[in-house]
Every structure is written in structure tokens, then in C-alpha cells.
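Visitor: Just one file: structure11.txt, with compact mmCIF, C-alpha atoms and all ligand atoms.
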```txt
# COMPACT_ATOMS: atom_id res chain seq x y z
CA MET Y 1 360.43 51.30 84.26
CA ALA Y 2 359.39 54.54 82.54
CA SER Y 3 362.09 56.15 80.39
CA GLN Y 4 363.51 59.44 81.64
CA ASP Y 5 361.46 61.37 79.03
CA LEU Y 6 358.23 59.66 80.04
CA PHE Y 7 359.06 60.05 83.75
CA GLU Y 8 359.49 63.80 83.25
CA LEU Y 9 356.17 64.04 81.39
CA LEU Y 10 354.30 61.95 83.98
CA THR Y 11 355.64 64.04 86.86
CA GLY Y 12 355.22 67.57 85.50
CA GLN Y 13 358.93 68.16 85.05
CA THR Y 14 358.79 69.05 81.35
CA GLU Y 15 356.53 71.17 79.14
CA ARG Y 16 357.71 69.92 75.76
CA HIS Y 17 354.51 67.91 75.11
CA LEU Y 18 352.25 70.93 75.60
CA VAL Y 19 350.54 73.50 73.36
CA PRO Y 20 348.25 76.40 74.30
CA CYS Y 21 344.49 76.00 73.67
CA TRP Y 22 342.06 78.87 72.82
CA SER Y 23 342.25 80.33 76.34
CA GLY Y 24 346.02 79.99 76.59
CA HIS Y 25 345.81 77.00 78.97
CA LEU Y 26 348.45 74.38 78.16
CA VAL Y 27 347.30 70.91 77.07
CA HIS Y 28 349.00 67.89 75.50
CA ALA Y 29 349.33 68.49 71.75
CA GLN Y 30 347.44 65.24 71.04
CA VAL Y 31 344.53 66.33 73.25
CA LEU Y 32 343.87 69.67 71.58
CA PRO Y 33 341.88 68.43 68.52
CA ALA Y 34 339.46 66.41 70.69
CA LEU Y 35 339.16 69.28 73.16
CA GLU Y 36 338.25 71.64 70.33
CA GLU Y 37 335.60 69.15 69.16
CA LEU Y 38 334.13 68.93 72.67
CA ARG Y 39 334.09 72.72 72.89
CA GLN Y 40 332.26 72.99 69.54
CA ALA Y 41 329.72 70.37 70.64
CA ALA Y 42 329.16 72.28 73.89
CA MET Y 43 328.69 75.49 71.95
CA GLN Y 44 326.05 73.88 69.75
CA ALA Y 45 324.25 72.74 72.91
CA GLY Y 46 324.30 76.31 74.28
CA PHE Y 47 327.28 76.05 76.65
CA GLU Y 48 330.64 77.79 76.72
CA LEU Y 49 333.19 75.20 77.82
CA ALA Y 50 335.86 77.04 79.81
CA ILE Y 51 338.96 75.78 81.55
CA ALA Y 52 339.74 76.64 85.16
CA SER Y 53 342.93 74.60 85.25
CA SER Y 54 344.77 72.29 82.84
CA TYR Y 55 348.51 71.50 82.91
CA ARG Y 56 350.14 72.10 86.28
CA SER Y 57 353.88 71.77 86.81
CA TYR Y 58 355.67 69.76 89.49
CA GLN Y 59 356.95 73.02 90.98
CA ARG Y 60 353.43 74.46 91.18
CA GLN Y 61 352.13 71.32 92.90
CA LEU Y 62 355.12 71.41 95.27
CA SER Y 63 354.32 74.99 96.25
CA ILE Y 64 350.67 74.00 96.94
CA TRP Y 65 351.86 71.17 99.19
CA LYS Y 66 354.37 73.37 101.00
CA ALA Y 67 351.71 76.00 101.68
CA LYS Y 68 349.21 73.42 102.95
CA ALA Y 69 351.77 71.64 105.12
CA ALA Y 70 352.79 74.99 106.61
CA GLY Y 71 349.19 75.98 107.37
CA GLN Y 72 349.26 78.80 104.80
CA ARG Y 73 346.39 77.31 102.79
CA PRO Y 74 343.19 75.90 104.31
CA LEU Y 75 342.69 72.19 104.91
CA PHE Y 76 339.24 70.66 104.64
CA ALA Y 77 337.21 67.93 106.31
CA ASP Y 78 335.45 65.41 104.07
CA ASN Y 79 332.27 67.47 104.30
CA GLY Y 80 334.12 70.52 102.96
CA THR Y 81 334.39 72.52 106.19
CA ALA Y 82 337.71 74.28 106.75
CA LEU Y 83 340.00 72.91 109.47
CA ASP Y 84 342.56 74.70 111.61
CA SER Y 85 345.90 72.94 111.10
CA ALA Y 86 346.91 73.97 114.64
CA ASP Y 87 344.36 71.39 115.88
CA LEU Y 88 345.86 68.56 113.76
CA SER Y 89 348.88 66.29 114.12
CA GLU Y 90 351.34 66.06 111.22
CA GLU Y 91 349.88 62.66 110.31
CA GLN Y 92 346.38 64.16 110.22
CA ILE Y 93 347.62 67.09 108.13
CA LEU Y 94 349.14 64.62 105.65
CA GLU Y 95 345.82 62.74 105.40
CA ARG Y 96 343.86 65.97 104.82
CA ILE Y 97 346.23 67.14 102.06
CA LEU Y 98 346.28 63.74 100.32
CA ARG Y 99 342.49 63.68 100.20
CA TRP Y 100 342.35 66.92 98.19
CA SER Y 101 345.77 67.43 96.55
CA ALA Y 102 348.07 65.05 94.70
CA LEU Y 103 351.64 64.69 95.90
CA PRO Y 104 353.97 66.76 93.68
CA GLY Y 105 354.71 64.66 90.59
CA THR Y 106 351.60 62.46 90.96
CA SER Y 107 348.89 64.80 89.67
CA ARG Y 108 346.94 63.93 86.53
CA HIS Y 109 347.21 67.66 85.80
CA HIS Y 110 350.91 67.12 85.00
CA TRP Y 111 350.06 65.13 81.89
CA GLY Y 112 348.26 67.78 79.82
CA THR Y 113 345.38 65.31 79.38
CA ASP Y 114 343.31 66.51 82.32
CA LEU Y 115 341.38 69.70 82.95
CA ASP Y 116 338.90 71.31 85.32
CA VAL Y 117 335.96 72.76 83.38
CA TYR Y 118 332.93 75.00 83.84
CA ASP Y 119 330.32 76.73 81.71
CA ALA Y 120 331.35 80.36 81.23
CA ALA Y 121 327.95 81.13 79.66
CA ALA Y 122 326.19 80.31 82.96
CA MET Y 123 328.53 82.34 85.13
CA PRO Y 124 327.53 85.84 86.31
CA ALA Y 125 330.22 88.49 85.69
CA ASP Y 126 330.95 89.08 89.38
CA TYR Y 127 330.91 85.39 90.34
CA GLN Y 128 333.97 83.74 91.92
CA LEU Y 129 334.43 80.20 90.58
CA GLN Y 130 334.32 77.60 93.41
CA LEU Y 131 334.79 74.16 91.77
CA THR Y 132 332.66 72.36 94.34
CA PRO Y 133 330.14 69.50 93.96
CA GLU Y 134 327.40 71.94 95.06
CA GLU Y 135 328.30 74.31 92.23
CA CYS Y 136 328.17 71.46 89.69
CA GLU Y 137 324.67 70.63 91.00
CA GLY Y 138 323.63 74.28 90.99
CA LEU Y 139 324.95 76.96 88.64
CA PHE Y 140 326.48 74.44 86.19
CA LYS Y 141 323.88 71.69 86.52
CA ALA Y 142 322.71 71.88 82.90
CA PHE Y 143 326.29 71.85 81.58
CA HIS Y 144 327.30 68.84 83.69
CA GLY Y 145 324.08 67.06 82.81
CA TRP Y 146 324.94 67.56 79.15
CA LEU Y 147 328.49 66.28 79.77
CA ASP Y 148 327.06 63.21 81.55
CA ASP Y 149 324.84 62.50 78.56
CA CYS Y 150 327.84 62.83 76.20
CA ILE Y 151 329.98 60.50 78.34
CA ASN Y 152 327.21 57.93 78.81
CA SER Y 153 326.43 57.83 75.11
CA GLY Y 154 330.10 57.53 74.09
CA ASP Y 155 329.89 60.95 72.46
CA SER Y 156 332.38 62.83 74.64
CA HIS Y 157 335.30 62.84 72.17
CA GLY Y 158 337.40 60.64 74.48
CA PHE Y 159 336.83 62.59 77.71
CA PHE Y 160 335.63 61.02 80.96
CA ARG Y 161 335.46 61.85 84.67
CA PRO Y 162 338.22 60.00 86.62
CA PHE Y 163 337.02 61.35 90.00
CA ASP Y 164 333.29 60.78 89.59
CA LEU Y 165 332.89 58.68 92.76
CA ASP Y 166 334.38 58.64 96.23
CA ARG Y 167 336.56 55.53 96.25
CA GLY Y 168 338.13 56.34 99.61
CA GLY Y 169 341.17 58.07 98.09
CA VAL Y 170 340.85 61.45 96.42
CA ALA Y 171 337.53 63.23 97.04
CA PRO Y 172 335.03 63.35 94.11
CA GLU Y 173 335.69 66.10 91.56
CA PRO Y 174 332.90 66.13 88.97
CA TRP Y 175 334.43 69.16 87.22
CA HIS Y 176 337.61 67.20 86.34
CA LEU Y 177 337.78 65.74 82.81
CA SER Y 178 340.46 63.48 81.38
CA TYR Y 179 341.27 62.45 77.82
CA ARG Y 180 341.16 58.68 78.10
CA PRO Y 181 343.04 57.65 74.90
CA LEU Y 182 346.25 59.14 76.34
CA ALA Y 183 345.57 59.33 80.06
CA ASP Y 184 344.92 55.61 80.53
CA SER Y 185 348.37 54.72 79.23
CA PHE Y 186 349.98 57.46 81.34
CA ALA Y 187 348.14 56.13 84.41
CA ARG Y 188 349.43 52.62 83.69
CA SER Y 189 352.97 53.94 83.28
CA PHE Y 190 352.89 55.66 86.63
CA ASP Y 191 353.96 52.58 88.60
CA PHE Y 192 355.36 52.24 92.12
CA ASP Y 193 358.87 52.57 90.71
CA ALA Y 194 358.00 56.07 89.44
CA PHE Y 195 356.52 56.89 92.86
CA GLN Y 196 359.76 55.80 94.53
CA ARG Y 197 361.84 57.86 92.09
CA LEU Y 198 359.81 60.91 93.08
CA MET Y 199 360.16 60.12 96.77
CA ALA Y 200 363.93 59.87 96.26
CA GLN Y 201 363.97 63.46 95.00
CA GLY Y 202 363.47 64.21 98.69
CA GLU Y 203 361.38 67.37 98.26
CA TRP Y 204 357.96 66.31 99.51
CA PRO Y 205 356.77 68.05 102.66
CA LEU Y 206 355.93 65.55 105.46
CA LEU Y 207 358.20 63.01 103.72
CA GLU Y 208 359.06 61.32 107.03
CA TRP Y 209 355.36 60.42 107.42
CA ILE Y 210 355.04 59.29 103.80
CA LYS Y 211 358.07 56.96 103.62
CA PRO Y 212 356.83 54.30 106.07
CA ARG Y 213 353.43 54.27 104.30
CA ALA Y 214 354.70 54.58 100.72
CA GLN Y 215 353.08 51.41 99.37
CA GLU Y 216 349.72 52.12 101.00
CA ILE Y 217 349.69 55.80 99.93
CA TYR Y 218 350.59 54.81 96.38
CA GLN Y 219 347.77 52.23 96.26
CA ARG Y 220 345.15 54.48 97.79
CA TYR Y 221 345.92 57.87 96.26
CA VAL Y 222 348.06 57.30 93.18
CA ALA Y 223 347.60 53.86 91.59
CA PRO Y 224 345.31 53.77 88.54
CA GLU Y 225 342.99 51.17 90.12
CA GLY Y 226 342.05 53.82 92.65
CA ALA Y 227 341.28 56.20 89.76
CA THR Y 228 343.04 58.86 91.78
CA LEU Y 229 345.61 61.57 91.10
CA CYS Y 230 344.30 65.10 91.03
ZN ZN Y 301 341.35 68.65 88.44
```
What would you get if you wrote out this structure as C-alpha cells?
Guide:
Amino acid sequence: MASQDLFELLTGQTERHLVPCWSGHLVHAQVLPALEELRQAAMQAGFELAIASSYRSYQRQLSIWKAKAAGQRPLFADNGTALDSADLSEEQILERILRWSALPGTSRHHWGTDLDVYDAAAMPADYQLQLTPEECEGLFKAFHGWLDDCINSGDSHGFFRPFDLDRGGVAPEPWHLSYRPLADSFARSFDFDAFQRLMAQGEWPLLEWIKPRAQEIYQRYVAPEGATLC
């Protein structure tokens, strides 16, 4: 069982492990040196590594879930088209949210080891960042190609893409990087016991639909073997 300190870190309920990086985004203090190295390497290759999102708190993730469960934020089909929650049952709404958003307390973004990145040098001034697979294949293709080369050659300063493929849980997110030297041990620590402790906090929207499926949802969307958690 994770200690209380580790449980709070894993679930986004503390910020004591975090420091601000160059853009003010919060990251784990032990991630910052490697992140700076990756940024310098990107710069030398002609890219400006920028962060769209890094640490996210439990409360922030909870507010995302509440808004999606209440139909105040769009839900998406697997092909990316927006769905009208009025057409969906609560069970279907749960499935749609799980596919795109981690349950509060189960996001890799809680750890400070994970970040969503883009190339600021390639972005026009009036452009609204999308973070979609199409964008990674279009506007940021050269940047992501460079990142792929770094990762494949073991030259990525510890960073990898945990959501590179569709494994049937969380949808692919090529823009999401994770610092493996820390994140792998955090992922291993986030066991079913931690999942149950979160469930017992009783704050998750749609909890009555989650409880009877807890083991399956943990395996499919949270457990490290599924390489999930966004
Ligand atoms: Zn992400």
C-alpha cells in the first residue's frame, strides 16, 4: 500500500514535489533538469519545445469530470466527432469520458512527470492549439518526427510517449510525454488499493456506474499494463 505522502502525490492532492519550469508550468523537481536538456536539444534542432499542460491537480481533474458528466463540456466519439450527451445514457457518458479523461486522482498529469508538448516555433501567432493527432501529423509533423527519432535512438533524456498506440483504453495522445525514470515507479505504485481509496473519497461523478465495474475500469483505463492514465 502506498504511504499517505505517496498517495497524495500520485493522486494530485499535493504540490510539494513541484517546481516551476521556464514557462511557469509546474513539474516534478527531479524532472526539470532532463526537461531543460530536452528543450536545449530541441532548440539546437530548430524547434521551440513548449508546454500546453503539465501538472494538473485532483481538483482540476474533478472539475473537468463534473463538467463533462453534466454535459457542460463536449464528449467525443472515437473518430473525434462531438456527441450530444442528451442522446447518451449515463453508462455511455461514462464510457465517453473515460476514453478521453482520467478519473480524478488517476491522471498521469498529477505526478509532475508528464506533459503535453508542441513546437511554438511552428505555430502561427493567431493559431488556436488543438492537441489532436491530425495536428501532430500536420503543423507539428517535423517536431514530432524529431521527437520520435530521439525516443527511438534512446536520446530523449528519459522521455517517452505512454499513449502512442490505441490499446482499447485511453485514446492515443502523441503529444503527451512522460519522464520514464520517475513515472514508471509511480505507475507501479498506483495499484488497485489506491484506486479503491480514491473511490472511497466518494466524489467521482457517475460513481454508481463505476463501483460495480471498478476492477475492469482500473484494468482498462488506469493499470500500468494498459499504459493509460491521461
Ligand atoms: Zn496529456
Visitor: Kindly assemble as a Markdown table a list of the stretch 5-72 of chain Y residues that lie within 9 Å of stretch 184-203 of chain Y, each paired with its nearest atom pair and their distance in Å to one decimal, using only C-alpha atoms, sorted first by chain and then by ascending residue number.
Guide:
```
| residue | atom | partner | partner_atom | distance |
| --- | --- | --- | --- | --- |
| Y:Leu6 | CA | Y:Ser189 | CA | 8.4 |
| Y:Phe7 | CA | Y:Ala194 | CA | 7.0 |
| Y:Leu10 | CA | Y:Phe186 | CA | 6.8 |
| Y:Thr11 | CA | Y:Leu198 | CA | 8.1 |
| Y:Leu62 | CA | Y:Glu203 | CA | 8.0 |
```
Visitor: Counting all atoms listed in the file, which residue out of Y:Ser3, Y:Ser156, Y:Ser23, Y:Thr14 sits closest to Y:Glu37?
Guide: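 Among the listed residues, Y:Ser156 lies closest to Y:Glu37.
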Visitor: Go ahead and compute the interatomic distance for atom CA of Y:Val19 and atom CA of Y:Leu35, in Å to one decimal.
Guide: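 Going from atom CA of Y:Val19 over to atom CA of Y:Leu35, I get 12.1 Å.
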Visitor: From the set Y:His157, Y:Tyr58, Y:Asn79, Y:Ala102, which residue has the shortest atom-to-atom contact distance to Y:Gln40, counting only C-alpha atoms?
Guide: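 Checking each candidate against Y:Gln40, we get Y:His157 as the closest.
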Visitor: Produce a table with one row for each residue of chain Y that has an atom at most 9 Å from any atom of ligand ZN 301 (chain Y), each row naming the nearest atom pair and its distance in Å at one decimal; use all atoms listed in the file; arrange rows by chain and rising residue number; format as a tab-separated table.
Guide:
```
residue	atom	partner	partner_atom	distance
Y:Ala52	CA	Y:ZN301	ZN	8.8
Y:Ser53	CA	Y:ZN301	ZN	6.9
Y:Ser54	CA	Y:ZN301	ZN	7.5
Y:Ser107	CA	Y:ZN301	ZN	8.6
Y:Arg108	CA	Y:ZN301	ZN	7.6
Y:His109	CA	Y:ZN301	ZN	6.5
Y:Asp114	CA	Y:ZN301	ZN	6.8
Y:Leu115	CA	Y:ZN301	ZN	5.6
Y:Asp116	CA	Y:ZN301	ZN	4.8
Y:Val117	CA	Y:ZN301	ZN	8.5
Y:Phe163	CA	Y:ZN301	ZN	8.6
Y:Glu173	CA	Y:ZN301	ZN	6.9
Y:Pro174	CA	Y:ZN301	ZN	8.8
Y:Trp175	CA	Y:ZN301	ZN	7.0
Y:His176	CA	Y:ZN301	ZN	4.5
Y:Leu177	CA	Y:ZN301	ZN	7.3
Y:Ser178	CA	Y:ZN301	ZN	8.8
Y:Leu229	CA	Y:ZN301	ZN	8.7
Y:Cys230	CA	Y:ZN301	ZN	5.3
```
Visitor: Please provide as number ranges by chain all residues within 7 Å of Y:Gln13, with the sequence filter that same-chain residues fewer than 4 positions apart are discarded (counting only C-alpha atoms).
Guide: Y: 8-9, 57-58
Visitor: Find, counting all atoms listed in the file, the residue in Y:Phe47, Y:Leu32, Y:Leu207, Y:Ala86 that gets nearest to Y:His144.
Guide: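 With all atoms listed in the file as the atom set, the closest residue is Y:Phe47.
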Visitor: What's around Y:Pro133 at 10 Å? Count all atoms listed in the file, leave out sequence neighbours fewer than 2 positions away in its own chain, and write the answer as a VMD selection string.
Guide: chain Y and resid 80 130 to 131 135 to 138 140 to 141 172 to 175
Visitor: Considering only C-alpha atoms, can you say which of Y:His110, Y:Arg213, Y:Arg161, Y:Arg99 comes closest to Y:Arg16?
Guide: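 Closest candidate: Y:His110.
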Visitor: Between atom CA of Y:Ile97 and atom CA of Y:Leu75, what is the distance in Å, rounded to a tenth?
Guide: 6.8 Å
Visitor: Just checking: using only C-alpha atoms, which residue out of Y:Leu49, Y:Ala171, Y:Met43, Y:Ile217 ends up closest to Y:Met123?
Guide: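 Between Y:Leu49, Y:Ala171, Y:Met43, Y:Ile217, the residue approaching Y:Met123 most closely is Y:Leu49.
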Visitor: Rank Y:Cys150, Y:Leu182, Y:Ala29, Y:Val222 by their smallest atom-to-atom distance to Y:Ala45, using only C-alpha atoms, and report the top residue only.
Guide: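 Ranking Y:Cys150, Y:Leu182, Y:Ala29, Y:Val222 by distance to Y:Ala45, first place goes to Y:Cys150.
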Visitor: Report as a list in words all protein, DNA and RNA residues lying within 12 Å of Y:Gln92, evaluated on only C-alpha atoms, omitting residues in the same chain fewer than 4 positions from it.
Guide: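 The residues that qualify are Ala69, Leu75, Phe76, Ala77, Leu83, Asp84, Ser85, Ala86, Asp87, Leu88, Arg96, Ile97, Leu98, Arg99, Leu206, Trp209 and Ile210 of chain Y.
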Visitor: Would you mind exporting C-alpha atoms of the selected residues as a short mmCIF file (atom, residue, chain, number, x, y, z; two decimals), keeping the file's coordinate frame?
Guide:
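Output below, filename result-v5.cif:
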```cif
data_model
loop_
_atom_site.label_atom_id
_atom_site.label_comp_id
_atom_site.auth_asym_id
_atom_site.auth_seq_id
_atom_site.Cartn_x
_atom_site.Cartn_y
_atom_site.Cartn_z
CA ALA Y 69 351.77 71.64 105.12
CA LEU Y 75 342.69 72.19 104.91
CA PHE Y 76 339.24 70.66 104.64
CA ALA Y 77 337.21 67.93 106.31
CA LEU Y 83 340.00 72.91 109.47
CA ASP Y 84 342.56 74.70 111.61
CA SER Y 85 345.90 72.94 111.10
CA ALA Y 86 346.91 73.97 114.64
CA ASP Y 87 344.36 71.39 115.88
CA LEU Y 88 345.86 68.56 113.76
CA ARG Y 96 343.86 65.97 104.82
CA ILE Y 97 346.23 67.14 102.06
CA LEU Y 98 346.28 63.74 100.32
CA ARG Y 99 342.49 63.68 100.20
CA LEU Y 206 355.93 65.55 105.46
CA TRP Y 209 355.36 60.42 107.42
CA ILE Y 210 355.04 59.29 103.80
#
```
Visitor: What does the distance between atom CA of Y:Thr113 and atom CA of Y:Arg180 come to in Å, to one decimal place?
Guide: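 Separating atom CA of Y:Thr113 from atom CA of Y:Arg180 is a distance of 8.0 Å.
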